[in-house]
Amino acid sequence: MNTSSDSSASAPNPSSARRWRAARRLLVAGSALATFFAVVYTVENWRGKRAWENCRRGLEAKGEVLDWSAYIPAPVPDDQNFYKAPKMQEWFVKDSLRDLRPSPGATTAHTAEPFALAPRKDSNLVVAEVKVVASNTPLGSQAADPVLRFDDPSARAQAAKVLSEVLGPFVISPRAGVVVARALEQIKPLHLVLQADAVPAVKELAAFFPSNPVTNLALAYSDTSYLQVGASGSNTFRILLKEPVYGAADYLSWTEPLTANFDLVRNALKRPYARIDCDYQQPFAIGIPNFIGIRTVVQLLSQRAQCYLLLSQSEAAWHELTLVHDLCQILMIKPSGKPLTLVGAMIHVAVIGLYADIVEDGLRLHAWREPELTAIERQLADIDLLAPVVEAFREERAATSRTFETMSRGELVKLFNFDRSGRLALSLMPRGWFYQNMALGAEFEQEVVGNMDATNQMVLPHQISELVRRLSPISQRRSAYNFLLGMALPNYSKAVQTAARNQTLVNQAMLACVLERYRLASGQYPETLDALTPRFIEKLPHDLIGGQPLKYRRTDGAGYLLYSVGWDEKDDGGVPGKSREEGDWVWELH
């Protein structure tokens, strides 16, 4: 018997033993890690759920509604629904809010083709020919032409005056450019002599002439230049009014084919309800108004109103302007007047701002008559931009919470366009972190709502700015509890500021209409706003910023200055700033 051989065969293999020990350690470590993550996920899910429940109970105790189903509009009869009228669904509805986040290379559907215009060829309009001569040159036969001195500080204002006389009455439109009352062929270039010690460069001459046709528009349109200076010889220059330039009658004729579609919209707006027919259970999948189509129609109508004002046809201008006002109704849920989305509320704010701009054009031209002024005042008095924005914040909060709570992670990735790291984090994070994001977002949104007093028409800029300062780290330093929030929170400061600015514009426009009626009755504007009450207006609107009366004073040239202290809450004497955050919010009539 060979005992040594038997004992060798029965001895364990050292390498197998080592592999077994390593596998056992891995199993133990894996089990410990799985247990650790299970505990972490369980704890985080519990903590997140508790945080959300506590947040929701606290807000509901204050009367807030966080249940998305409470915001879903009730069904309405088809024959009373704007969107069921012929063509309205096709023209004014997009598929969903997801369309506002198109993937790269995607095209936007529904571009309001029924309101597209046939192309036309536009050319620059020559408004002046400038000849530069030496300061001591005898003028001789040129004395009949206007003469300006390049080094005269007052010459720039004189240049603006003579250029505006060449153009005659005009308006500046955000889409159509410059619209003049005259037919373009009737506008003959001004011949202007400029005395200078040396021929200025084109850049120097461009700085000499105003960037806009008249000086009183320089502040309102400071970011856009409509006049262009170019050399036409060694000492001669040509001043052009850049395209597009339209004669008012020509523009009305060009857009006349669209009036049948405008009338279809007018008829549809007679229906008492506006409710898009869709599934409202998932907030980001509901149908929404086609904002591009609405903007196109509003711009066309506004430009047509401007043309009628230039042609002194105030009743026709009022007809177009009323449709601009009424079209805002489809951005709300008729008849409740509530927005369904924050985007819809802000488009409503923008449209009303454009409406007020057209009112201002008519006042500057002294084109509105007493009947239109009274009707415009009634419409402006009923406009409240703050309440829909506050309501939209509440709905946004409920919609975001519903989305985080019910949508799958894959659907959220598509909705918010996460990058690779974001997709990985989203796939691994505990569900409790969703609830933590919901709770944090709801609390921030409640603070925003608290800083907008829609009932008393007051906004608190300092508090809003402080809130934005506190929110900024969310977008810069992501954490587990604000990861989704940084993607979902809207730009609160911009939304509140724009709503406050345009509501101020509405209040100023209403007062401007009252001031114009006072001028028509007495031949001049009053010394103070108090002179308007109670004969012309029962109660004066106050400044949304601070709650004090709007500032007013008459100016030289039989005009006036009306202003709010603006977002910085400082009275700058009616001087606007370079941005909406600076200076006063000014309405000035020369």
# chains A, B, ... in the order shown; residues from 1 in each chain; ligands from 1
$ residues_around --residues "Leu380 in chain A" --least-positions-apart "4" --cutoff "12 Å" --atoms "only C-alpha atoms" --output "list in words"
Thr322, His325, Asp326, Ile352, Gly353, Tyr355, Ala356, Val359, Leu373, Thr374, Ala375, Ile376, Asp384, Leu385, Asn502, Gln503, Thr504, Leu505, Val506, Asn507, Gln508, Ala509, Met510, Leu511, Ala512, Cys513, Val514 and Pro541 of chain A
$ residues_around --residues "range 530-534 of chain A" --least-positions-apart "5" --cutoff "8 Å" --atoms "only C-alpha atoms" --output "PyMOL selection string"
chain A and resi 514-515+518+539-540
$ residues_around --residues "Met429 in chain A" --least-positions-apart "2" --cutoff "10 Å" --atoms "only C-alpha atoms" --output "short mmCIF file (atom, residue, chain, number, x, y, z; two decimals) with N, CA and C atoms, in the first residue's frame"
data_model
loop_
_atom_site.label_atom_id
_atom_site.label_comp_id
_atom_site.auth_asym_id
_atom_site.auth_seq_id
_atom_site.Cartn_x
_atom_site.Cartn_y
_atom_site.Cartn_z
N TYR A 41 -31.89 53.06 -0.02
CA TYR A 41 -33.08 53.33 -0.83
C TYR A 41 -34.33 53.37 0.03
N GLU A 44 -34.17 56.62 2.08
CA GLU A 44 -34.37 57.80 1.24
C GLU A 44 -35.79 57.86 0.69
N ASN A 45 -36.34 56.71 0.35
CA ASN A 45 -37.73 56.70 -0.12
C ASN A 45 -38.68 57.15 0.99
N ARG A 409 -39.12 56.83 -15.73
CA ARG A 409 -37.82 57.49 -15.88
C ARG A 409 -37.48 57.70 -17.35
N LEU A 424 -28.02 58.55 -16.52
CA LEU A 424 -27.52 57.54 -15.60
C LEU A 424 -28.00 57.82 -14.18
N ALA A 425 -27.90 59.09 -13.77
CA ALA A 425 -28.34 59.47 -12.41
C ALA A 425 -29.84 59.21 -12.25
N LEU A 426 -30.60 59.53 -13.30
CA LEU A 426 -32.04 59.35 -13.22
C LEU A 426 -32.41 57.88 -13.10
N SER A 427 -31.66 57.03 -13.76
CA SER A 427 -31.97 55.60 -13.72
C SER A 427 -31.62 54.96 -12.38
N ARG A 431 -36.64 56.67 -5.63
CA ARG A 431 -37.88 57.40 -5.88
C ARG A 431 -38.08 58.51 -4.83
N GLY A 432 -37.51 58.32 -3.65
CA GLY A 432 -37.63 59.34 -2.62
C GLY A 432 -37.01 60.66 -3.02
N TRP A 433 -35.98 60.61 -3.87
CA TRP A 433 -35.37 61.85 -4.31
C TRP A 433 -36.30 62.63 -5.22
N PHE A 434 -37.16 61.93 -5.96
CA PHE A 434 -38.18 62.62 -6.74
C PHE A 434 -39.05 63.46 -5.80
N ALA A 480 -28.75 65.71 -4.84
CA ALA A 480 -29.78 64.69 -4.99
C ALA A 480 -31.18 65.28 -4.86
N PHE A 483 -31.85 67.85 -8.18
CA PHE A 483 -31.39 67.42 -9.50
C PHE A 483 -32.45 67.67 -10.58
#
$ closest_residue --among "A:Gln446, A:Thr137, A:Gln313, A:Gln329" --to "Ala181 in chain A" --atoms "only C-alpha atoms"
A:Gln313
$ select_by_dssp --residues "range 414-572 of chain A" --states "strand (DSSP E or B)" --output "number ranges by chain"
A: 452-453, 458-459, 542, 545, 549, 551-555, 559-564
